[in-house]
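Structure data (mmCIF, C-alpha atoms) from coords_27.cif:
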```cif
data_my_file
loop_
_atom_site.label_atom_id
_atom_site.label_comp_id
_atom_site.auth_asym_id
_atom_site.auth_seq_id
_atom_site.Cartn_x
_atom_site.Cartn_y
_atom_site.Cartn_z
CA MET A 19 -41.76 -51.81 165.67
CA THR A 20 -40.90 -55.40 166.58
CA THR A 21 -43.22 -57.29 168.92
CA ARG A 22 -41.67 -59.94 171.12
CA VAL A 23 -43.77 -63.06 171.58
CA LEU A 24 -42.71 -65.68 174.13
CA THR A 25 -43.91 -69.28 174.35
CA GLY A 26 -42.98 -71.75 177.08
CA ILE A 27 -42.99 -75.49 176.31
CA THR A 28 -43.03 -77.88 179.27
CA PRO A 29 -41.17 -81.14 178.52
CA SER A 30 -43.75 -83.85 179.17
CA GLY A 31 -43.10 -86.63 176.67
CA THR A 32 -43.77 -86.85 172.95
CA PRO A 33 -46.77 -84.73 171.89
CA HIS A 34 -49.97 -86.16 170.43
CA LEU A 35 -52.13 -84.97 167.55
CA GLY A 36 -54.13 -82.68 169.84
CA ASN A 37 -50.93 -80.87 170.87
CA TYR A 38 -49.90 -80.58 167.23
CA VAL A 39 -53.07 -78.99 165.83
CA GLY A 40 -53.85 -76.96 168.97
CA ALA A 41 -50.42 -75.57 169.82
CA ILE A 42 -47.40 -76.59 167.76
CA ARG A 43 -48.67 -76.00 164.23
CA PRO A 44 -50.33 -72.60 164.89
CA ALA A 45 -47.41 -71.35 167.02
CA ILE A 46 -44.89 -72.14 164.30
CA ALA A 47 -47.09 -70.48 161.68
CA ALA A 48 -47.44 -67.37 163.86
CA SER A 49 -43.65 -67.16 164.33
CA ARG A 50 -43.23 -66.51 160.61
CA ALA A 51 -45.25 -63.27 160.66
CA GLN A 52 -43.53 -59.98 159.84
CA GLY A 53 -42.58 -57.75 162.77
CA ILE A 54 -42.49 -60.63 165.28
CA GLU A 55 -39.46 -61.71 167.30
CA SER A 56 -40.34 -65.13 168.70
CA PHE A 57 -38.93 -66.80 171.80
CA PHE A 58 -39.61 -70.51 172.34
CA PHE A 59 -38.12 -72.11 175.44
CA LEU A 60 -38.07 -75.61 176.87
CA ALA A 61 -39.26 -75.13 180.45
CA ASP A 62 -37.12 -77.84 182.00
CA LEU A 63 -36.84 -76.03 185.34
CA HIS A 64 -40.63 -75.85 185.59
CA SER A 65 -40.88 -79.58 184.85
CA LEU A 66 -38.96 -80.37 188.06
CA ILE A 67 -41.95 -79.22 190.11
CA LYS A 68 -43.99 -82.20 188.91
CA ALA A 69 -41.34 -84.86 188.48
CA GLN A 70 -37.94 -85.35 190.05
CA GLU A 71 -36.90 -88.18 187.73
CA PRO A 72 -33.59 -87.26 186.03
CA GLU A 73 -33.82 -89.73 183.15
CA ARG A 74 -37.40 -88.76 182.40
CA THR A 75 -36.55 -85.05 182.46
CA GLN A 76 -33.64 -85.58 180.08
CA ARG A 77 -35.63 -87.77 177.69
CA SER A 78 -38.69 -85.52 177.66
CA THR A 79 -36.58 -82.45 176.93
CA LEU A 80 -34.95 -84.21 173.98
CA GLU A 81 -38.28 -85.46 172.61
CA ILE A 82 -40.00 -82.10 172.83
CA ALA A 83 -37.05 -80.27 171.26
CA ALA A 84 -36.95 -82.80 168.39
CA SER A 85 -40.75 -82.55 167.98
CA TRP A 86 -40.85 -78.79 167.47
CA LEU A 87 -37.86 -78.86 165.14
CA ALA A 88 -39.37 -81.70 163.12
CA CYS A 89 -42.63 -79.76 162.79
CA GLY A 90 -40.85 -76.87 161.12
CA LEU A 91 -39.64 -74.49 163.84
CA ASP A 92 -36.63 -72.68 162.35
CA PRO A 93 -34.05 -72.21 165.14
CA GLU A 94 -32.18 -69.62 163.10
CA GLN A 95 -35.25 -67.41 162.64
CA VAL A 96 -36.60 -67.68 166.21
CA TRP A 97 -34.99 -67.95 169.61
CA PHE A 98 -35.22 -71.63 170.56
CA TYR A 99 -33.53 -72.37 173.86
CA ARG A 100 -33.54 -74.34 177.08
CA GLN A 101 -34.67 -72.52 180.22
CA SER A 102 -31.85 -73.92 182.35
CA ASP A 103 -29.26 -72.55 179.90
CA ILE A 104 -30.18 -68.97 180.93
CA PRO A 105 -28.95 -68.74 184.55
CA GLU A 106 -29.76 -65.02 184.62
CA THR A 107 -33.43 -66.07 184.79
CA ASN A 108 -32.83 -67.49 188.27
CA GLU A 109 -31.18 -64.29 189.44
CA LEU A 110 -34.06 -62.22 188.08
CA MET A 111 -36.47 -64.55 189.85
CA TRP A 112 -34.89 -63.57 193.16
CA PHE A 113 -35.10 -59.84 192.34
CA LEU A 114 -38.80 -60.33 191.64
CA THR A 115 -39.31 -62.52 194.72
CA VAL A 116 -38.24 -59.75 197.07
CA VAL A 117 -40.86 -57.37 195.64
CA ALA A 118 -43.62 -59.94 195.02
CA SER A 119 -46.58 -59.95 197.37
CA LYS A 120 -47.12 -63.23 199.21
CA GLY A 121 -50.82 -62.41 199.20
CA ILE A 122 -50.85 -62.60 195.41
CA LEU A 123 -49.01 -65.93 195.44
CA ASN A 124 -51.49 -67.27 198.00
CA ARG A 125 -54.22 -66.82 195.38
CA ALA A 126 -52.46 -68.78 192.62
CA HIS A 127 -54.89 -71.33 191.19
CA ALA A 128 -52.51 -74.31 191.29
CA TYR A 129 -51.51 -73.65 194.90
CA LYS A 130 -55.12 -73.11 195.99
CA ALA A 131 -56.23 -76.27 194.20
CA ALA A 132 -53.55 -78.31 195.97
CA MET A 133 -54.60 -76.88 199.36
CA ASP A 134 -58.29 -77.51 198.63
CA LYS A 135 -57.53 -81.14 197.76
CA ASN A 136 -55.60 -81.58 201.00
CA GLU A 137 -58.48 -80.09 202.95
CA ALA A 138 -60.98 -82.37 201.21
CA ASP A 139 -58.78 -85.37 202.05
CA GLY A 140 -58.58 -84.34 205.71
CA LEU A 141 -54.88 -83.43 205.55
CA ASP A 142 -52.93 -80.37 206.60
CA GLN A 143 -53.48 -77.69 203.95
CA ASP A 144 -49.81 -77.60 202.92
CA ALA A 145 -49.17 -81.35 203.03
CA GLY A 146 -46.97 -82.39 200.12
CA ILE A 147 -46.94 -78.90 198.60
CA SER A 148 -43.43 -77.79 197.67
CA ALA A 149 -42.09 -74.26 197.74
CA GLY A 150 -41.47 -74.82 194.01
CA LEU A 151 -45.22 -75.04 193.34
CA PHE A 152 -45.80 -71.93 195.46
CA MET A 153 -43.07 -69.94 193.67
CA TYR A 154 -43.87 -71.21 190.17
CA PRO A 155 -45.54 -67.90 189.15
CA VAL A 156 -42.40 -65.93 190.04
CA LEU A 157 -40.18 -68.13 187.89
CA MET A 158 -42.69 -67.82 185.06
CA ALA A 159 -42.65 -64.04 185.47
CA ALA A 160 -38.84 -64.08 185.24
CA ASP A 161 -39.02 -66.16 182.03
CA ILE A 162 -41.25 -63.50 180.50
CA LEU A 163 -39.67 -60.33 181.84
CA ILE A 164 -36.03 -61.22 181.22
CA PHE A 165 -36.60 -60.88 177.47
CA LYS A 166 -39.12 -58.05 177.83
CA ALA A 167 -41.82 -60.04 176.05
CA ASN A 168 -44.76 -57.99 174.78
CA ARG A 169 -47.17 -60.86 174.22
CA VAL A 170 -47.52 -64.30 175.79
CA PRO A 171 -49.87 -66.85 174.17
CA VAL A 172 -51.38 -69.09 176.86
CA GLY A 173 -54.43 -71.18 177.64
CA ARG A 174 -57.17 -69.73 179.81
CA ASP A 175 -55.82 -71.58 182.85
CA GLN A 176 -52.59 -69.55 182.57
CA ILE A 177 -54.10 -66.05 182.37
CA GLN A 178 -53.57 -65.52 186.10
CA HIS A 179 -49.84 -66.16 185.74
CA ILE A 180 -49.50 -63.41 183.14
CA GLU A 181 -51.38 -61.04 185.44
CA MET A 182 -48.89 -61.93 188.18
CA ALA A 183 -45.97 -61.25 185.84
CA ARG A 184 -47.46 -57.82 185.21
CA ASP A 185 -47.85 -57.26 188.96
CA PHE A 186 -44.27 -58.22 189.74
CA GLY A 187 -42.83 -56.25 186.82
CA GLN A 188 -44.83 -53.16 187.69
CA ARG A 189 -43.83 -53.39 191.34
CA PHE A 190 -40.13 -53.68 190.43
CA ASN A 191 -40.43 -50.70 188.10
CA HIS A 192 -42.04 -48.66 190.86
CA VAL A 193 -39.63 -49.63 193.64
CA TYR A 194 -36.55 -48.86 191.55
CA GLY A 195 -37.93 -45.81 189.77
CA LYS A 196 -37.63 -46.76 186.12
CA GLU A 197 -39.54 -48.71 183.47
CA TYR A 198 -37.16 -51.65 183.35
CA PHE A 199 -39.87 -54.00 182.13
CA PRO A 200 -42.73 -53.51 179.69
CA LEU A 201 -45.89 -55.15 181.02
CA PRO A 202 -46.70 -58.28 178.97
CA GLU A 203 -50.10 -58.80 177.38
CA VAL A 204 -51.85 -62.14 177.45
CA VAL A 205 -52.87 -63.65 174.10
CA ILE A 206 -55.79 -66.09 173.98
CA ASP A 207 -56.56 -67.72 170.65
CA GLU A 208 -60.33 -68.21 170.69
CA GLN A 209 -60.08 -70.20 167.45
CA VAL A 210 -57.59 -72.76 168.76
CA ALA A 211 -58.31 -76.22 167.39
CA THR A 212 -59.11 -79.04 169.77
CA LEU A 213 -59.32 -82.71 168.84
CA ALA A 214 -61.46 -85.45 170.26
CA GLY A 215 -59.57 -88.58 171.21
CA LEU A 216 -60.21 -92.23 170.44
CA ASP A 217 -63.21 -92.37 172.80
CA GLY A 218 -64.85 -89.07 171.77
CA ARG A 219 -63.60 -87.08 174.75
CA LYS A 220 -60.98 -84.37 174.37
CA MET A 221 -57.66 -85.92 173.39
CA SER A 222 -55.61 -86.04 176.60
CA LYS A 223 -52.93 -88.20 178.17
CA SER A 224 -55.00 -88.22 181.35
CA TYR A 225 -57.75 -90.10 179.45
CA ASN A 226 -55.26 -92.37 177.66
CA ASN A 227 -57.12 -91.64 174.42
CA THR A 228 -54.35 -90.00 172.40
CA ILE A 229 -52.73 -90.63 169.04
CA PRO A 230 -48.98 -89.98 169.35
CA LEU A 231 -47.80 -87.42 166.83
CA PHE A 232 -44.93 -89.56 165.59
CA ALA A 233 -46.51 -93.01 165.85
CA PRO A 234 -45.15 -95.35 163.13
CA ARG A 235 -47.38 -95.62 160.08
CA GLU A 236 -48.90 -99.00 161.02
CA GLU A 237 -49.56 -97.91 164.60
CA LEU A 238 -51.14 -94.68 163.34
CA LYS A 239 -53.47 -96.69 161.08
CA LYS A 240 -54.43 -99.02 163.93
CA LEU A 241 -55.24 -96.09 166.22
CA VAL A 242 -57.25 -94.25 163.56
CA PHE A 243 -59.30 -97.37 162.94
CA SER A 244 -60.04 -97.62 166.67
CA ILE A 245 -61.75 -94.19 166.81
CA LEU A 246 -65.22 -94.56 168.30
CA THR A 247 -68.11 -94.43 165.78
CA ASP A 248 -71.81 -95.28 165.91
CA SER A 249 -73.57 -98.36 164.55
CA ARG A 250 -74.86 -96.90 161.28
CA ALA A 251 -74.25 -99.28 158.40
CA PRO A 252 -72.83 -98.55 154.93
CA GLY A 253 -75.40 -96.68 152.87
CA GLU A 254 -76.90 -94.90 155.88
CA ALA A 255 -76.27 -91.14 156.02
CA LYS A 256 -73.90 -90.15 158.82
CA ASP A 257 -73.70 -86.94 160.83
CA THR A 258 -70.63 -84.76 160.56
CA GLU A 259 -71.74 -82.72 163.60
CA GLY A 260 -70.13 -84.14 166.73
CA SER A 261 -68.19 -86.79 164.82
CA PRO A 262 -64.61 -87.14 166.19
CA LEU A 263 -63.60 -88.78 162.93
CA PHE A 264 -64.92 -85.94 160.76
CA GLN A 265 -63.49 -83.31 163.09
CA MET A 266 -60.02 -84.83 162.88
CA TYR A 267 -60.20 -85.02 159.08
CA GLN A 268 -61.23 -81.38 158.89
CA THR A 269 -58.17 -80.20 160.85
CA PHE A 270 -55.83 -81.89 158.37
CA ALA A 271 -57.71 -81.16 155.13
CA THR A 272 -58.31 -78.27 152.76
CA PRO A 273 -61.83 -76.78 152.58
CA GLU A 274 -62.38 -78.60 149.29
CA GLN A 275 -61.32 -81.94 150.75
CA THR A 276 -63.51 -81.34 153.80
CA ALA A 277 -66.53 -80.58 151.62
CA ALA A 278 -66.01 -83.81 149.68
CA PHE A 279 -65.70 -85.79 152.91
CA ALA A 280 -68.93 -84.22 154.23
CA ALA A 281 -70.68 -85.23 151.00
CA ALA A 282 -69.45 -88.79 151.46
CA PHE A 283 -70.90 -88.79 154.98
CA ALA A 284 -74.26 -87.69 153.62
CA ALA A 285 -74.09 -90.39 150.93
CA GLY A 286 -73.56 -93.13 153.53
CA ILE A 287 -69.83 -93.90 153.33
CA SER A 288 -68.89 -96.92 155.42
CA TRP A 289 -66.99 -96.26 158.63
CA GLY A 290 -64.13 -98.43 157.35
CA ASP A 291 -63.76 -96.34 154.18
CA ALA A 292 -64.08 -93.10 156.18
CA LYS A 293 -61.33 -94.19 158.55
CA GLN A 294 -59.10 -95.20 155.64
CA GLN A 295 -59.52 -91.74 154.09
CA LEU A 296 -58.78 -90.11 157.45
CA PHE A 297 -55.67 -92.22 157.91
CA GLU A 298 -54.35 -91.34 154.45
CA ARG A 299 -55.01 -87.62 154.95
CA VAL A 300 -53.32 -87.48 158.38
CA ASP A 301 -50.39 -89.65 157.31
CA ALA A 302 -49.78 -87.46 154.26
CA GLU A 303 -49.05 -84.52 156.55
CA LEU A 304 -47.26 -86.41 159.31
CA SER A 305 -45.06 -88.72 157.25
CA PRO A 306 -42.32 -86.14 156.45
CA LEU A 307 -42.47 -84.84 160.02
CA ARG A 308 -42.02 -88.38 161.34
CA GLU A 309 -38.95 -88.88 159.16
CA ARG A 310 -37.39 -85.64 160.42
CA TYR A 311 -38.21 -86.52 164.02
CA ASP A 312 -36.59 -89.96 163.75
CA ALA A 313 -33.48 -88.41 162.19
CA LEU A 314 -33.23 -85.79 164.94
CA MET A 315 -33.69 -88.34 167.72
CA ALA A 316 -30.86 -90.40 166.21
CA GLU A 317 -28.43 -87.48 166.71
CA PRO A 318 -29.17 -85.92 170.11
CA GLU A 319 -25.74 -84.30 170.18
CA LYS A 320 -26.82 -81.98 167.34
CA ILE A 321 -29.88 -80.82 169.29
CA GLU A 322 -27.72 -80.28 172.36
CA ALA A 323 -25.23 -78.20 170.38
CA LEU A 324 -28.06 -76.13 168.86
CA LEU A 325 -29.67 -75.37 172.22
CA ARG A 326 -26.36 -74.44 173.83
CA ARG A 327 -25.40 -72.18 170.93
CA ARG A 328 -28.72 -70.34 170.86
CA GLY A 329 -28.77 -70.06 174.63
CA ARG A 330 -25.28 -68.57 174.62
CA GLN A 331 -26.22 -66.06 171.92
CA LEU A 332 -29.40 -65.12 173.77
CA ARG A 333 -27.51 -64.54 177.02
CA GLU A 334 -24.92 -62.36 175.32
CA GLN A 335 -27.47 -60.28 173.44
CA TYR A 336 -30.17 -59.84 176.09
CA ALA A 337 -29.85 -61.56 179.46
CA VAL A 338 -26.36 -60.59 180.58
CA PRO A 339 -26.69 -56.86 179.74
CA LEU A 340 -30.11 -56.67 181.42
CA LEU A 341 -28.95 -58.33 184.63
CA LYS A 342 -25.93 -56.03 184.74
CA GLU A 343 -28.34 -53.09 184.63
CA LEU A 344 -30.66 -54.63 187.23
CA ARG A 345 -27.85 -55.44 189.65
CA HIS A 346 -26.86 -51.79 189.56
CA ALA A 347 -30.48 -50.75 189.97
CA VAL A 348 -31.00 -52.79 193.16
CA GLY A 349 -27.69 -51.68 194.68
CA LEU A 350 -25.46 -54.69 193.96
CA ARG A 351 -22.71 -52.34 192.77
CA ASP A 352 -19.02 -51.67 192.82
CA LEU A 353 -18.48 -50.25 196.31
CA ALA A 354 -16.18 -47.59 194.90
CA ASP A 355 -18.91 -46.34 192.58
CA VAL A 356 -20.83 -43.74 194.61
CA PRO A 357 -23.92 -42.65 192.63
CA GLN A 358 -25.38 -39.17 192.71
CA ALA A 359 -28.70 -38.96 194.51
CA PRO A 360 -31.48 -38.60 191.93
CA ALA A 361 -33.45 -35.38 191.86
CA ALA A 362 -36.89 -35.78 193.37
CA ALA A 363 -38.57 -34.77 190.13
CA SER A 364 -36.89 -37.62 188.26
CA VAL A 365 -38.52 -40.35 190.33
CA ARG A 366 -41.33 -41.87 188.32
CA VAL A 367 -44.59 -42.74 189.98
CA ALA A 368 -46.25 -45.99 188.99
CA LEU A 369 -49.67 -45.55 187.45
CA PRO A 370 -52.86 -47.21 188.65
CA VAL A 371 -53.79 -50.26 186.60
CA PHE A 372 -56.92 -52.19 185.63
CA LYS A 373 -56.46 -55.97 185.59
CA GLN A 374 -58.86 -58.49 184.10
CA TYR A 375 -58.82 -62.13 185.11
CA ARG A 376 -60.89 -65.30 185.20
CA GLU A 377 -61.71 -67.11 188.43
CA LYS A 378 -62.36 -70.81 189.03
CA ASP A 379 -66.11 -70.18 188.78
CA GLY A 380 -65.56 -69.53 185.04
CA ARG A 381 -66.62 -65.89 185.28
CA PHE A 382 -64.55 -62.83 184.37
CA TYR A 383 -63.57 -60.12 186.87
CA PHE A 384 -61.56 -56.92 186.96
CA LYS A 385 -59.95 -54.78 189.62
CA LEU A 386 -58.34 -51.35 189.78
CA SER A 387 -55.21 -50.99 191.90
CA ASP A 388 -53.06 -47.95 192.57
CA GLY A 389 -49.33 -47.80 191.82
CA GLU A 390 -48.54 -49.39 195.17
CA GLY A 391 -50.84 -52.32 194.49
CA ALA A 392 -53.61 -51.19 196.88
CA LEU A 393 -57.07 -52.27 195.71
CA LEU A 394 -59.41 -49.42 194.67
CA ILE A 395 -62.23 -51.17 192.78
CA GLN A 396 -63.29 -54.82 192.73
CA SER A 397 -65.87 -56.04 190.20
CA THR A 398 -68.48 -58.75 190.41
CA GLY A 399 -68.34 -61.59 187.88
CA PHE A 400 -69.20 -61.22 184.18
CA ASP A 401 -70.15 -63.87 181.65
CA SER A 402 -67.57 -62.69 179.11
CA PRO A 403 -64.32 -60.68 179.10
CA ARG A 404 -65.94 -58.29 176.63
CA ASP A 405 -68.60 -57.29 179.19
CA ALA A 406 -65.90 -56.62 181.80
CA GLY A 407 -63.83 -54.64 179.28
CA GLN A 408 -66.78 -52.45 178.29
CA LEU A 409 -67.40 -51.45 181.90
CA ILE A 410 -63.69 -50.69 182.38
CA ALA A 411 -63.86 -48.35 179.35
CA VAL A 412 -66.81 -46.54 180.94
CA LEU A 413 -65.10 -46.27 184.32
CA LYS A 414 -61.97 -44.77 182.78
CA GLN A 415 -64.03 -41.75 181.75
CA ALA A 416 -65.63 -41.24 185.20
CA GLU A 417 -65.14 -37.72 186.54
CA GLN A 418 -67.85 -37.56 189.22
CA GLY A 419 -68.69 -39.75 192.18
CA ASP A 420 -72.13 -40.52 190.71
CA ALA A 421 -70.44 -42.58 187.98
CA LEU A 422 -68.98 -44.87 190.65
CA GLN A 423 -72.35 -46.11 191.89
CA SER A 424 -73.13 -49.57 190.53
CA GLU A 425 -73.99 -53.09 191.65
CA LEU A 426 -71.43 -54.40 189.17
CA PHE A 427 -68.44 -53.32 191.25
CA LYS A 428 -67.48 -52.30 194.76
CA LEU A 429 -65.31 -49.37 195.82
CA GLU A 430 -62.48 -50.44 198.13
CA ALA A 431 -61.25 -46.88 198.77
CA GLU A 432 -62.60 -43.36 199.16
CA VAL A 433 -64.36 -41.86 196.13
CA ASP A 434 -61.83 -39.03 195.81
CA GLN A 435 -58.95 -41.51 195.78
CA VAL A 436 -60.60 -43.59 193.04
CA LEU A 437 -61.40 -40.52 190.91
CA ALA A 438 -57.80 -39.34 191.25
CA ALA A 439 -56.56 -42.71 190.02
CA LEU A 440 -58.89 -42.60 187.01
CA LEU A 441 -57.73 -39.07 186.23
CA ALA A 442 -54.11 -40.21 186.34
CA LEU A 443 -54.89 -42.93 183.81
CA ARG A 444 -56.58 -40.46 181.45
CA GLU A 445 -53.70 -38.00 181.65
CA ALA A 446 -51.17 -40.72 180.92
CA ALA A 447 -53.08 -42.02 177.90
#
```

Whole structure, structure tokens version:
Amino acid sequence: MTTRVLTGITPSGTPHLGNYVGAIRPAIAASRAQGIESFFFLADLHSLIKAQEPERTQRSTLEIAASWLACGLDPEQVWFYRQSDIPETNELMWFLTVVASKGILNRAHAYKAAMDKNEADGLDQDAGISAGLFMYPVLMAADILIFKANRVPVGRDQIQHIEMARDFGQRFNHVYGKEYFPLPEVVIDEQVATLAGLDGRKMSKSYNNTIPLFAPREELKKLVFSILTDSRAPGEAKDTEGSPLFQMYQTFATPEQTAAFAAAFAAGISWGDAKQQLFERVDAELSPLRERYDALMAEPEKIEALLRRRGRQLREQYAVPLLKELRHAVGLRDLADVPQAPAAASVRVALPVFKQYREKDGRFYFKLSDGEGALLIQSTGFDSPRDAGQLIAVLKQAEQGDALQSELFKLEAEVDQVLAALLALREAA
């Protein structure tokens, strides 16, 4: 059975080495696995929320597209497309908007953070906040649901958005009486690589401590040689633990090369020699990618043609047929087509659902809601998602009210109603 995996890429300028080792390289490698149908899209509509600068949007989209292609993404083996080339996504967004709860959107982290900042600055809570920021989770849900994605790899700050996509998809399924959408699962890679930047902090454009992925060879060497090190002289043993220079080498080297580099640290290699070895190791991997990137950027019309072609194929194969079905489902039909009323027994009832999520306090929570979205159980915070998941597994087996007595969660409905929901989950398993 094929698993559909969807990855959104926001156009925000040329990526740096941290983006490459933490996102681009592992995502491309994962797309080559058997049984995976991969969808990679350039989220140009999402980018408009942060910047309404036409030239910047155009340039960033071109740079990001060229970057992923240069790094080895095969557009004939995966779906690589531009968000704005799939207009059916916008129509689906509206279908989801009319069933989405405003209360859920009110709790979106980005929206709440913007309101909190306004409040701290003594402004009206909604000052400067666009409807685009407020509705961002619905558009993201449409991106995911339109291709019935099974798995969505995201950072921890995006987990809430996947939970919202599940909420909106489940609500649509319930309102219109059919499982139109599978509910997507969030994928968090706990082993994702992170790089320290030039100053030892996490590599980030906000710190201005990045090394551009496609920096020319001489610029790359200059930046590598500017990485912060301590004052230990040649001949003095140097620590690999906590060393940004060693960490970067390790992400580009084989285990054997890394072991040799660690031995050189212990033997007192000079910082100049260590940086030269790092530069040569990084450049060996990036040099062919840089050449491909430069060639792609020189012919933007080829990238444009590729994106349009794949977008057209994707619409024909998936988006257009789905939206035809959904229009009929919501009642946007040929007025001469009078449907037969469905038998009462054929109407499917949405199941209760457990949802796990992480709040701004860094702790992990879960809740149980019925098919209508009404809250039945709300947990306290846990230190790890595993702890929350273990308690959920116990609760699913609860058959008596005594099992619902705990300081780790609070009942938000009558005991009989909660037990009935848990029974429904067991019977459906």

Query raised in the report: Out of A:Ile46, A:Val96, A:Ala416, A:Val39, which residue has the shortest atom-to-atom distance to Gln268 in chain A when counting only C-alpha atoms?
Result: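 Between A:Ile46, A:Val96, A:Ala416, A:Val39, the residue approaching Gln268 in chain A most closely is A:Val39.
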
Query raised in the report: Using the chain letters and numbers from the file, which residues does the PyMOL selection byres ((chain A and resi 123-138) around 9) grab, as a PyMOL selection string?
Result: chain A and resi 118-122+139-147+151-153+155-156+175+178-179+182+377-378

**Report entry** Spatial neighbours of Arg328 in chain A, 8 Å, only C-alpha atoms, chain gap at least 3 places, as a VMD selection string
**Finding:** chain A and resid 97 to 99 324 to 325 331 to 332

Up to 9 Å from (-59.7, -93.9, 159.6) in the file's coordinates: name the residues, counting all atoms listed in the file, as an mmCIF file with C-alpha atoms, in the frame of the given file.
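Result went into selection_26.cif, see below:
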```
data_model
loop_
_atom_site.group_PDB
_atom_site.id
_atom_site.type_symbol
_atom_site.label_atom_id
_atom_site.label_comp_id
_atom_site.auth_asym_id
_atom_site.auth_seq_id
_atom_site.Cartn_x
_atom_site.Cartn_y
_atom_site.Cartn_z
ATOM 1 C CA LYS A 239 -53.470 -96.690 161.080
ATOM 2 C CA LYS A 240 -54.430 -99.020 163.930
ATOM 3 C CA LEU A 241 -55.240 -96.090 166.220
ATOM 4 C CA VAL A 242 -57.250 -94.250 163.560
ATOM 5 C CA PHE A 243 -59.300 -97.370 162.940
ATOM 6 C CA SER A 244 -60.040 -97.620 166.670
ATOM 7 C CA ILE A 245 -61.750 -94.190 166.810
ATOM 8 C CA LEU A 263 -63.600 -88.780 162.930
ATOM 9 C CA TYR A 267 -60.200 -85.020 159.080
ATOM 10 C CA TRP A 289 -66.990 -96.260 158.630
ATOM 11 C CA GLY A 290 -64.130 -98.430 157.350
ATOM 12 C CA ASP A 291 -63.760 -96.340 154.180
ATOM 13 C CA ALA A 292 -64.080 -93.100 156.180
ATOM 14 C CA LYS A 293 -61.330 -94.190 158.550
ATOM 15 C CA GLN A 294 -59.100 -95.200 155.640
ATOM 16 C CA GLN A 295 -59.520 -91.740 154.090
ATOM 17 C CA LEU A 296 -58.780 -90.110 157.450
ATOM 18 C CA PHE A 297 -55.670 -92.220 157.910
ATOM 19 C CA GLU A 298 -54.350 -91.340 154.450
#
```

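Comparing A:Lys320, A:Val116, A:Ala392, A:Lys342 by their smallest distance to Val193 in chain A, the closest is A:Val116 (using all atoms listed in the file).
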